[in-house]
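Okay, data-v4.txt now, which holds compact mmCIF, C-alpha atoms and all ligand atoms:
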# COMPACT_ATOMS: atom_id res chain seq x y z
CA MET A 1 69.18 88.65 103.97
CA THR A 2 71.98 88.51 106.50
CA LYS A 3 75.06 90.20 105.17
CA THR A 4 78.36 88.29 105.41
CA PHE A 5 81.65 90.15 105.66
CA LYS A 6 85.04 88.60 105.02
CA VAL A 7 87.65 89.60 107.58
CA ALA A 8 91.31 88.65 107.15
CA VAL A 9 92.92 88.03 110.54
CA LEU A 10 96.68 88.41 111.09
CA PRO A 11 97.37 87.64 114.76
CA GLY A 12 101.14 88.22 114.41
CA ASP A 13 103.62 87.87 117.28
CA GLY A 14 103.88 88.29 121.04
CA ILE A 15 100.56 89.26 122.62
CA GLY A 16 99.05 89.68 119.12
CA PRO A 17 97.28 86.29 119.04
CA GLU A 18 95.84 86.72 122.58
CA VAL A 19 94.33 90.14 122.00
CA VAL A 20 93.09 89.28 118.49
CA GLU A 21 91.30 86.22 119.87
CA GLU A 22 89.30 88.48 122.18
CA ALA A 23 88.42 90.90 119.38
CA ILE A 24 87.16 87.91 117.36
CA ASN A 25 85.07 86.82 120.35
CA VAL A 26 83.55 90.29 120.47
CA LEU A 27 82.74 90.15 116.74
CA GLY A 28 81.08 86.79 117.41
CA VAL A 29 78.78 88.50 119.90
CA ILE A 30 78.05 91.26 117.37
CA GLU A 31 76.75 88.49 115.08
CA GLU A 32 74.13 87.71 117.74
CA LEU A 33 73.17 91.35 118.22
CA GLU A 34 73.14 92.59 114.62
CA ASP A 35 71.96 91.01 111.41
CA VAL A 36 75.50 90.21 110.17
CA LYS A 37 77.90 87.30 109.79
CA PHE A 38 81.68 87.43 109.72
CA SER A 39 83.84 84.86 107.97
CA PHE A 40 87.43 84.87 109.19
CA GLU A 41 90.47 83.88 107.11
CA TYR A 42 93.77 83.64 109.00
CA GLY A 43 97.17 84.64 107.65
CA ARG A 44 100.72 85.08 108.92
CA LEU A 45 102.64 88.34 109.12
CA GLY A 46 105.88 89.31 110.89
CA GLY A 47 108.05 87.04 113.00
CA CYS A 48 105.70 84.05 112.86
CA ALA A 49 105.82 84.25 109.06
CA ILE A 50 109.62 84.49 109.06
CA ASP A 51 109.71 81.27 111.11
CA GLU A 52 107.07 79.39 109.08
CA ASP A 53 107.44 80.77 105.56
CA GLY A 54 110.92 82.29 105.50
CA THR A 55 109.58 85.79 104.79
CA PRO A 56 107.78 88.38 106.97
CA LEU A 57 105.10 88.88 104.30
CA PRO A 58 104.13 85.68 102.45
CA GLU A 59 102.36 86.16 99.10
CA GLN A 60 99.48 84.08 100.47
CA THR A 61 98.89 86.63 103.23
CA VAL A 62 98.58 89.43 100.68
CA GLU A 63 96.08 87.29 98.73
CA ILE A 64 93.98 86.57 101.83
CA CYS A 65 93.87 90.29 102.65
CA LYS A 66 93.00 91.32 99.09
CA ALA A 67 90.08 88.89 99.07
CA ALA A 68 88.68 90.31 102.32
CA ASP A 69 86.51 93.34 103.15
CA ALA A 70 88.92 94.36 105.91
CA VAL A 71 91.95 93.14 107.86
CA LEU A 72 92.39 92.79 111.61
CA LEU A 73 96.01 92.72 112.77
CA GLY A 74 97.46 91.99 116.20
CA ALA A 75 101.09 93.10 116.46
CA VAL A 76 104.41 92.03 114.97
CA GLY A 77 107.99 91.81 116.20
CA GLY A 78 110.06 90.57 119.11
CA PRO A 79 113.65 90.15 120.33
CA LYS A 80 113.95 86.84 118.50
CA TRP A 81 114.15 88.64 115.13
CA ASP A 82 115.80 91.89 116.26
CA ASN A 83 119.20 91.11 114.81
CA ASN A 84 117.93 89.77 111.50
CA PRO A 85 118.92 91.52 108.26
CA GLY A 86 116.34 93.98 106.85
CA HIS A 87 114.47 91.58 104.56
CA LEU A 88 113.95 89.15 107.47
CA ARG A 89 112.62 91.65 109.98
CA PRO A 90 108.98 91.65 111.13
CA GLU A 91 108.72 95.45 110.53
CA THR A 92 109.54 94.85 106.87
CA GLY A 93 106.38 92.74 106.68
CA LEU A 94 104.34 95.58 108.15
CA LEU A 95 105.75 98.15 105.72
CA GLY A 96 105.26 95.68 102.86
CA ILE A 97 101.61 95.03 103.61
CA ARG A 98 100.87 98.76 103.88
CA LYS A 99 102.31 99.24 100.41
CA ALA A 100 100.83 96.05 98.89
CA LEU A 101 97.32 96.96 100.05
CA GLY A 102 97.62 100.69 99.27
CA LEU A 103 96.94 101.68 102.89
CA TYR A 104 97.97 105.30 102.62
CA ALA A 105 95.78 106.85 105.34
CA ASN A 106 96.64 105.97 108.91
CA LEU A 107 94.12 107.17 111.51
CA ARG A 108 95.45 107.24 115.06
CA PRO A 109 93.04 108.57 117.65
CA ALA A 110 94.25 109.61 121.11
CA PHE A 111 91.57 110.14 123.74
CA VAL A 112 91.73 110.56 127.48
CA LEU A 113 88.82 109.01 129.36
CA ASP A 114 87.93 111.18 132.36
CA CYS A 115 88.54 108.39 134.82
CA MET A 116 92.04 107.86 133.44
CA ALA A 117 93.20 111.48 133.22
CA ALA A 118 95.17 111.08 136.45
CA ASP A 119 97.24 108.28 134.86
CA SER A 120 98.93 110.57 132.34
CA SER A 121 102.45 111.76 133.05
CA LEU A 122 101.14 115.28 132.35
CA LYS A 123 98.94 117.25 134.74
CA GLU A 124 95.37 116.06 134.92
CA GLU A 125 93.94 119.46 133.94
CA VAL A 126 96.14 119.55 130.83
CA VAL A 127 94.97 116.19 129.45
CA LYS A 128 91.40 115.88 130.75
CA GLY A 129 89.12 116.07 127.72
CA VAL A 130 91.80 115.41 125.10
CA ASP A 131 90.21 113.80 122.05
CA LEU A 132 92.29 114.10 118.92
CA MET A 133 93.12 112.20 115.75
CA VAL A 134 96.50 112.08 114.05
CA ILE A 135 96.17 111.22 110.36
CA ARG A 136 99.49 109.96 109.09
CA GLU A 137 100.43 109.43 105.44
CA LEU A 138 101.56 105.81 105.40
CA THR A 139 102.96 104.76 102.03
CA GLY A 140 105.26 107.60 100.99
CA GLY A 141 107.91 109.99 102.28
CA LEU A 142 111.14 108.96 103.95
CA TYR A 143 109.96 105.42 104.59
CA PHE A 144 109.61 104.54 100.92
CA GLY A 145 112.04 106.93 99.21
CA GLU A 146 115.30 105.68 97.78
CA LYS A 147 117.83 104.47 100.36
CA LYS A 148 121.52 104.58 99.59
CA ARG A 149 124.68 103.39 101.22
CA TYR A 150 128.05 104.13 99.63
CA GLU A 151 131.56 105.44 100.25
CA ASP A 152 133.04 108.71 99.16
CA GLU A 153 136.41 110.33 99.87
CA GLN A 154 135.22 111.25 103.41
CA GLY A 155 134.12 107.74 104.31
CA GLU A 156 130.85 105.81 104.54
CA VAL A 157 127.65 107.66 103.56
CA ALA A 158 123.95 106.82 104.02
CA SER A 159 120.91 108.67 102.69
CA ASP A 160 117.11 108.36 102.77
CA GLU A 161 115.05 110.30 100.30
CA MET A 162 111.91 112.18 101.38
CA ILE A 163 109.70 112.07 98.29
CA TYR A 164 106.05 112.93 97.66
CA HIS A 165 103.98 113.10 94.51
CA GLU A 166 101.28 115.74 94.42
CA TYR A 167 98.58 113.03 94.09
CA GLU A 168 99.85 111.30 97.24
CA VAL A 169 99.50 114.51 99.23
CA GLU A 170 96.12 115.30 97.73
CA ARG A 171 94.50 111.96 98.58
CA ILE A 172 95.65 111.96 102.22
CA VAL A 173 94.69 115.60 102.75
CA ARG A 174 91.24 114.96 101.25
CA ARG A 175 90.79 112.02 103.62
CA ALA A 176 91.81 114.26 106.50
CA PHE A 177 89.26 116.93 105.56
CA GLU A 178 86.58 114.24 105.39
CA VAL A 179 87.52 112.84 108.80
CA ALA A 180 87.66 116.35 110.29
CA ARG A 181 84.14 116.89 108.99
CA LEU A 182 82.93 113.96 111.07
CA ARG A 183 84.72 115.33 114.13
CA ASN A 184 85.03 118.97 115.30
CA LYS A 185 85.71 120.35 111.80
CA GLU A 186 89.16 121.62 112.76
CA LEU A 187 92.19 120.45 110.80
CA VAL A 188 95.85 121.22 111.47
CA SER A 189 98.24 120.32 108.65
CA VAL A 190 101.72 119.67 110.03
CA ASP A 191 104.86 120.15 107.92
CA LYS A 192 108.35 121.64 107.88
CA ALA A 193 107.77 124.08 105.03
CA ASN A 194 110.44 126.48 106.35
CA VAL A 195 113.08 123.90 105.39
CA LEU A 196 111.82 120.99 103.28
CA GLU A 197 110.80 121.15 99.62
CA SER A 198 108.44 118.18 100.07
CA SER A 199 106.70 120.19 102.81
CA ARG A 200 106.34 123.18 100.50
CA LEU A 201 104.54 120.96 97.98
CA TRP A 202 102.44 119.56 100.83
CA ARG A 203 101.43 123.07 101.94
CA LYS A 204 100.62 124.14 98.38
CA VAL A 205 98.24 121.18 97.99
CA VAL A 206 96.55 121.89 101.33
CA ASP A 207 96.05 125.54 100.34
CA ARG A 208 94.53 124.47 97.01
CA LEU A 209 92.04 122.15 98.78
CA ILE A 210 90.97 124.48 101.59
CA PRO A 211 88.26 126.27 99.49
CA GLU A 212 86.65 122.89 98.74
CA TYR A 213 85.98 122.29 102.44
CA PRO A 214 84.66 125.67 103.67
CA ASP A 215 82.98 124.03 106.68
CA VAL A 216 86.36 122.87 108.03
CA GLU A 217 88.70 125.33 109.69
CA CYS A 218 92.20 124.50 108.51
CA ARG A 219 95.58 125.88 109.54
CA HIS A 220 99.25 125.00 109.00
CA GLN A 221 101.72 124.28 111.77
CA LEU A 222 105.44 123.49 111.72
CA VAL A 223 106.22 120.06 113.12
CA ASP A 224 108.60 121.23 115.85
CA SER A 225 106.13 123.74 117.23
CA CYS A 226 103.38 121.14 116.92
CA ALA A 227 105.38 118.69 119.04
CA MET A 228 105.73 121.40 121.65
CA GLU A 229 102.08 122.46 121.59
CA LEU A 230 100.94 118.85 121.95
CA ILE A 231 102.55 118.79 125.37
CA ARG A 232 101.75 122.37 126.38
CA ASN A 233 98.08 122.39 125.48
CA PRO A 234 96.86 119.24 123.70
CA LYS A 235 93.20 120.22 123.92
CA GLN A 236 93.70 122.76 121.11
CA PHE A 237 93.93 119.86 118.62
CA ASP A 238 91.09 118.01 116.96
CA THR A 239 92.23 116.47 113.64
CA MET A 240 95.85 116.61 112.43
CA VAL A 241 97.31 115.49 109.11
CA THR A 242 100.97 114.98 108.32
CA GLU A 243 103.51 113.00 106.31
CA ASN A 244 104.75 109.52 107.23
CA MET A 245 107.76 110.16 109.49
CA PHE A 246 106.31 113.19 111.27
CA GLY A 247 103.14 111.18 111.84
CA ASP A 248 105.07 108.24 113.24
CA ILE A 249 106.64 110.48 115.87
CA LEU A 250 103.68 112.74 116.65
CA SER A 251 101.28 109.80 117.01
CA ASP A 252 103.53 108.18 119.60
CA GLU A 253 103.76 111.49 121.42
CA ALA A 254 99.97 111.91 121.29
CA SER A 255 99.40 108.38 122.55
CA MET A 256 101.32 109.15 125.71
CA LEU A 257 99.03 112.06 126.60
CA THR A 258 96.56 109.34 127.47
CA GLY A 259 98.99 107.49 129.72
CA SER A 260 97.71 104.22 128.30
CA ILE A 261 98.84 102.97 124.92
CA GLY A 262 96.92 99.78 125.77
CA MET A 263 93.66 101.55 124.98
CA LEU A 264 94.37 103.01 121.54
CA PRO A 265 93.17 101.56 118.21
CA SER A 266 94.20 102.54 114.70
CA ALA A 267 92.99 102.26 111.13
CA SER A 268 95.02 102.19 107.91
CA LEU A 269 92.77 102.92 104.97
CA ALA A 270 93.03 102.44 101.22
CA ASP A 271 90.80 104.05 98.59
CA GLY A 272 87.20 102.99 99.01
CA ASN A 273 86.19 101.18 102.20
CA PHE A 274 89.06 98.73 102.54
CA GLY A 275 91.29 99.03 105.59
CA LEU A 276 93.59 97.31 108.05
CA TYR A 277 92.98 97.75 111.77
CA GLU A 278 95.43 97.23 114.60
CA PRO A 279 96.14 98.36 118.13
CA VAL A 280 98.71 101.17 118.45
CA HIS A 281 100.69 99.14 120.99
CA GLY A 282 103.32 96.61 119.96
CA SER A 283 103.74 92.88 120.51
CA ALA A 284 104.91 93.26 124.15
CA PRO A 285 107.00 90.06 124.13
CA ASP A 286 107.72 90.43 127.87
CA ILE A 287 104.10 89.64 128.78
CA ALA A 288 103.22 87.35 125.83
CA GLY A 289 101.43 84.13 126.74
CA LYS A 290 100.66 85.24 130.29
CA GLY A 291 97.02 86.14 129.67
CA ILE A 292 97.44 89.62 131.16
CA ALA A 293 97.56 91.84 128.05
CA ASN A 294 94.89 94.52 127.67
CA PRO A 295 92.65 93.53 124.72
CA SER A 296 90.84 96.92 124.67
CA ALA A 297 92.89 98.51 121.87
CA THR A 298 92.36 95.53 119.57
CA ILE A 299 88.66 95.36 120.46
CA LEU A 300 88.36 99.07 119.67
CA SER A 301 90.24 98.41 116.42
CA ALA A 302 87.55 95.87 115.54
CA GLY A 303 85.10 98.70 116.26
CA MET A 304 86.88 100.99 113.81
CA LEU A 305 86.85 98.13 111.29
CA MET A 306 83.07 97.89 111.56
CA LYS A 307 82.70 101.67 111.27
CA TYR A 308 85.10 102.50 108.43
CA SER A 309 85.12 99.33 106.31
CA LEU A 310 81.78 97.60 106.92
CA GLY A 311 79.42 100.53 107.50
CA LEU A 312 78.24 99.00 110.80
CA GLU A 313 78.08 102.34 112.55
CA ARG A 314 75.66 101.38 115.32
CA ALA A 315 77.68 98.28 116.25
CA ALA A 316 80.86 100.33 116.30
CA ASN A 317 79.38 103.06 118.49
CA ASN A 318 77.85 100.55 120.89
CA LEU A 319 81.13 98.71 121.19
CA GLU A 320 82.98 101.95 121.88
CA LYS A 321 80.41 102.80 124.53
CA ALA A 322 80.74 99.36 126.13
CA VAL A 323 84.53 99.67 126.39
CA HIS A 324 84.26 103.15 127.92
CA ASN A 325 81.61 102.01 130.41
CA VAL A 326 83.76 99.08 131.51
CA ILE A 327 86.81 101.29 132.03
CA ASN A 328 84.70 103.90 133.83
CA SER A 329 83.32 101.20 136.12
CA GLY A 330 86.88 100.54 137.30
CA VAL A 331 87.80 97.26 135.58
CA ARG A 332 91.54 97.46 134.91
CA THR A 333 94.23 95.37 133.28
CA GLY A 334 97.78 95.73 134.63
CA ASP A 335 98.83 98.40 132.13
CA ILE A 336 96.12 100.84 133.24
CA THR A 337 96.26 100.56 137.00
CA LYS A 338 98.80 101.41 139.63
CA ASN A 339 97.22 98.90 141.95
CA ARG A 340 98.46 95.55 140.61
CA GLU A 341 96.22 93.63 143.08
CA GLU A 342 93.05 94.80 141.34
CA ALA A 343 94.31 94.04 137.81
CA VAL A 344 92.27 91.56 135.77
CA GLY A 345 93.51 89.40 132.87
CA THR A 346 92.85 89.51 129.13
CA LYS A 347 89.81 87.19 129.27
CA ALA A 348 88.21 88.95 132.21
CA MET A 349 88.54 92.31 130.48
CA SER A 350 86.99 91.12 127.23
CA GLY A 351 84.32 89.24 129.20
CA ALA A 352 83.38 92.47 130.96
CA ILE A 353 83.25 94.30 127.62
CA ILE A 354 81.02 91.61 126.12
CA ASN A 355 78.60 91.72 129.08
CA GLU A 356 78.44 95.48 128.84
CA LEU A 357 77.91 95.31 125.07
CA ARG A 358 74.87 93.09 125.56
CA LYS A 359 73.57 95.58 128.13
CA VAL A 360 74.06 98.54 125.80
CA TYR A 361 72.03 96.73 123.10
CA ALA A 362 69.36 95.65 125.61
CA GLU A 363 68.87 99.24 126.71
CA GLN A 364 68.22 100.23 123.08
CA ALA A 365 65.66 97.50 122.46
C1 LIG B 1 104.33 102.18 113.64
C2 LIG B 1 105.64 101.47 113.84
C3 LIG B 1 106.21 101.14 112.47
C4 LIG B 1 106.42 102.43 111.74
C5 LIG B 1 107.51 100.33 112.50
C6 LIG B 1 107.36 99.08 113.33
C7 LIG B 1 107.97 100.01 111.12
O1 LIG B 1 106.51 102.24 114.59
O2 LIG B 1 103.38 101.54 113.13
O3 LIG B 1 104.21 103.34 114.01
O4 LIG B 1 107.43 103.12 111.94
O5 LIG B 1 105.55 102.79 110.93
MN MN B 2 105.67 104.13 115.24

Have the structure of the file written as structure tokens, please.
Ligand code: IPM
Ligand code: MN
Amino acid sequence: MTKTFKVAVLPGDGIGPEVVEEAINVLGVIEELEDVKFSFEYGRLGGCAIDEDGTPLPEQTVEICKAADAVLLGAVGGPKWDNNPGHLRPETGLLGIRKALGLYANLRPAFVLDCMAADSSLKEEVVKGVDLMVIRELTGGLYFGEKKRYEDEQGEVASDEMIYHEYEVERIVRRAFEVARLRNKELVSVDKANVLESSRLWRKVVDRLIPEYPDVECRHQLVDSCAMELIRNPKQFDTMVTENMFGDILSDEASMLTGSIGMLPSASLADGNFGLYEPVHGSAPDIAGKGIANPSATILSAGMLMKYSLGLERAANNLEKAVHNVINSGVRTGDITKNREEAVGTKAMSGAIINELRKVYAEQA
């Protein structure tokens, strides 16, 4: 019997709706090529929800996501809401949904396709062959610790608390070991254990778990030296795991090794198979509605969704292959070419990926 999967779709703001539409088109083609059906439920998150519902994360959106097997998200935010107070900011919706759905494990791959190595701001020989994964803890640490604002005798004071429970560290580190197992079996745990107490707990947990994963080579690295090594010699990294704030910064740094944030997908996973998938890039309000955004990162996010949440490994691998083939064949959106004349639009890019996907399947038949 054909299996049906429920996918919650949150197009969001800016270019979000345009790139999500193409990922949905790709999933529609997967339905023809595999014995599966997708049923899509749409919800609002971010700026569009502030405008429509008066809150960046409507209760209904949480319900739609909870009832689904996985969530596909476009992007949220834009200048329109930039000066809003905290509870009416699109980012607050994003943080809220991570917490509400228990999405504690954020997987952010950064890979440099050979034909794009020259596009990086670093030397081609430094980045060629880079293929790494930053695993970021997503529901703890500085982001969710207590925030305070008060006055003392010296004036106004603000503080953010960096807090981790042992169980929070353990579950993300276990996930990281499991992901490293599926990759090159090398894990670097990144912390600031020379200064921070939360990092010393983090390191203690990692050390306790290391004997349970003897097939994975694991080492510790301080976050400042890690930031430096990522630029000096990024190829030394395979899988990295770190707390929320460090991961926010290091994953942006890693994304720029590739010279093309428009290509990078991400997954935010809860316990079990549930997850939310979104491109690493933002809502790019400057190009919204123009039909020129690169849909590749969102299409690859749909690929990760099939792999991590739905168990559709072959479909995911074939889709990844199709995207790589299309890029290798020279099809370029504006963000990944210096030659604006040759740039194609959103629809043309996804059309090329869909054609290639059919070809990849045909070759296997
Ligand atoms: C990200 C973003 C968010 C974060 C912002 C928009 C809240 O930068 O997904 O990395 O800091 O987590
Ligand atoms: Mn970020």

Between CA of Asp114 in chain A and CA of Tyr277 in chain A, measure the distance and give it in Å to one decimal.
25.1 Å

Step by step, measure atom-to-atom distances between ligand LIG 1 (chain B) and each residue using only C-alpha atoms and all ligand atoms, keep those at most 8 Å, then write them as a list of chain:residue names.
A:Val76, A:Gly77, A:Pro90, A:Glu91, A:Thr92, A:Leu94, A:Leu95, A:Leu138, A:Asn244, A:Met245, A:Asp248, A:Ile249, A:Ser251, A:Asp252, A:Val280

Those same residues - C-alpha atoms - I'd like them written as a compact mmCIF listing (two decimals), keeping the file's coordinate frame.
# COMPACT_ATOMS: atom_id res chain seq x y z
CA VAL A 76 104.41 92.03 114.97
CA GLY A 77 107.99 91.81 116.20
CA PRO A 90 108.98 91.65 111.13
CA GLU A 91 108.72 95.45 110.53
CA THR A 92 109.54 94.85 106.87
CA LEU A 94 104.34 95.58 108.15
CA LEU A 95 105.75 98.15 105.72
CA LEU A 138 101.56 105.81 105.40
CA ASN A 244 104.75 109.52 107.23
CA MET A 245 107.76 110.16 109.49
CA ASP A 248 105.07 108.24 113.24
CA ILE A 249 106.64 110.48 115.87
CA SER A 251 101.28 109.80 117.01
CA ASP A 252 103.53 108.18 119.60
CA VAL A 280 98.71 101.17 118.45

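Closest approach to ligand MN 2 (chain B) from the set A:Glu253, A:Glu52, A:Glu320, A:Glu168 is made by A:Glu253, with distances taken over all atoms listed in the file.
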
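Taking CA of Asp215 in chain A as the reference point, CA of Arg171 in chain A is found at 18.5 Å.
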
Let me make sure I understand: among A:Asn233, A:Phe274, A:Lys307, A:Phe177, which one has the smallest atom-to-atom distance to Glu125 in chain A if we use all atoms listed in the file?
A:Asn233

Find the residues near Ile327 in chain A: any atom within 10 Å, counting only C-alpha atoms, skip ones fewer than 5 places away on the same chain, and give them as number ranges by chain.
A: 113-116, 263, 296, 321-322, 332-333, 336, 349, 352-353

Could you pull the residues within 9 Å of His220 in chain A, counting only C-alpha atoms, minus those fewer than 3 positions along the same chain, as a PDB file with C-alpha atoms, keeping the file's coordinate frame?
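So the final result, stored in part.pdb, reads:
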ATOM      1  CA  LEU A 187      92.190 120.450 110.800  1.00  0.00           C
ATOM      2  CA  VAL A 188      95.850 121.220 111.470  1.00  0.00           C
ATOM      3  CA  SER A 189      98.240 120.320 108.650  1.00  0.00           C
ATOM      4  CA  VAL A 190     101.720 119.670 110.030  1.00  0.00           C
ATOM      5  CA  ASP A 191     104.860 120.150 107.920  1.00  0.00           C
ATOM      6  CA  ARG A 203     101.430 123.070 101.940  1.00  0.00           C
ATOM      7  CA  VAL A 206      96.550 121.890 101.330  1.00  0.00           C
TER       8      VAL A 206
END

So that I can check the surroundings of Met1 in chain A, please list as a compact mmCIF listing (two decimals) with C-alpha atoms, in the coordinates of the input every protein, DNA and RNA residue that reaches within 12 Å of it, counting only C-alpha atoms and ignoring chain neighbours fewer than 6 positions away.
# COMPACT_ATOMS: atom_id res chain seq x y z
CA ASP A 35 71.96 91.01 111.41
CA VAL A 36 75.50 90.21 110.17
CA LYS A 37 77.90 87.30 109.79

So how many Å separate CA of Ala180 in chain A and CA of Thr239 in chain A, to one decimal?
5.7 Å

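Proximity ranking of A:Arg358, A:Arg136, A:Lys66, A:Lys347 relative to ligand MN 2 (chain B) places A:Arg136 first, based on all atoms listed in the file.
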
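Distance annotation: of A:Leu264, A:Ile15, A:Leu250, A:Ala68, the residue with the minimal separation from ligand MN 2 (chain B) is A:Leu250; atom set is all atoms listed in the file.
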
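Of the listed residues (A:Tyr143, A:Ser350, A:Asn25, A:Leu230), A:Tyr143 comes nearest to ligand MN 2 (chain B); the distances count only C-alpha atoms and all ligand atoms.
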
Using only C-alpha atoms, determine which residues lie at most 12 Å from Glu124 in chain A, disregarding the query and same-chain residues fewer than 2 positions distant; provide the list as a PyMOL selection string.
chain A and resi 112-122+126-130+233-235+257-259

May I have the selected residues written with C-alpha atoms, as a PDB file, keeping the file's coordinate frame?
ATOM      1  CA  VAL A 112      91.730 110.560 127.480  1.00  0.00           C
ATOM      2  CA  LEU A 113      88.820 109.010 129.360  1.00  0.00           C
ATOM      3  CA  ASP A 114      87.930 111.180 132.360  1.00  0.00           C
ATOM      4  CA  CYS A 115      88.540 108.390 134.820  1.00  0.00           C
ATOM      5  CA  MET A 116      92.040 107.860 133.440  1.00  0.00           C
ATOM      6  CA  ALA A 117      93.200 111.480 133.220  1.00  0.00           C
ATOM      7  CA  ALA A 118      95.170 111.080 136.450  1.00  0.00           C
ATOM      8  CA  ASP A 119      97.240 108.280 134.860  1.00  0.00           C
ATOM      9  CA  SER A 120      98.930 110.570 132.340  1.00  0.00           C
ATOM     10  CA  SER A 121     102.450 111.760 133.050  1.00  0.00           C
ATOM     11  CA  LEU A 122     101.140 115.280 132.350  1.00  0.00           C
ATOM     12  CA  VAL A 126      96.140 119.550 130.830  1.00  0.00           C
ATOM     13  CA  VAL A 127      94.970 116.190 129.450  1.00  0.00           C
ATOM     14  CA  LYS A 128      91.400 115.880 130.750  1.00  0.00           C
ATOM     15  CA  GLY A 129      89.120 116.070 127.720  1.00  0.00           C
ATOM     16  CA  VAL A 130      91.800 115.410 125.100  1.00  0.00           C
ATOM     17  CA  ASN A 233      98.080 122.390 125.480  1.00  0.00           C
ATOM     18  CA  PRO A 234      96.860 119.240 123.700  1.00  0.00           C
ATOM     19  CA  LYS A 235      93.200 120.220 123.920  1.00  0.00           C
ATOM     20  CA  LEU A 257      99.030 112.060 126.600  1.00  0.00           C
ATOM     21  CA  THR A 258      96.560 109.340 127.470  1.00  0.00           C
ATOM     22  CA  GLY A 259      98.990 107.490 129.720  1.00  0.00           C
TER      23      GLY A 259
END

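When all atoms listed in the file are used to measure the gap to Glu356 in chain A, the shortest distance among A:Val323, A:Val134, A:Ile64, A:Ala49 belongs to A:Val323.
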
Please determine the residues with any atom at most 10 Å from (96.6, 99.2, 134.5) (coordinates as given in the file, with only C-alpha atoms counting) and report them as a PyMOL selection string.
chain A and resi 116+119+259-260+262+293-294+331-340+342-344

Neighbour list for Ala158 in chain A as an MDAnalysis selection string, cut-off 7 Å, all atoms listed in the file, skip fewer than 5 positions in-chain:
chainID A and resid 148:150
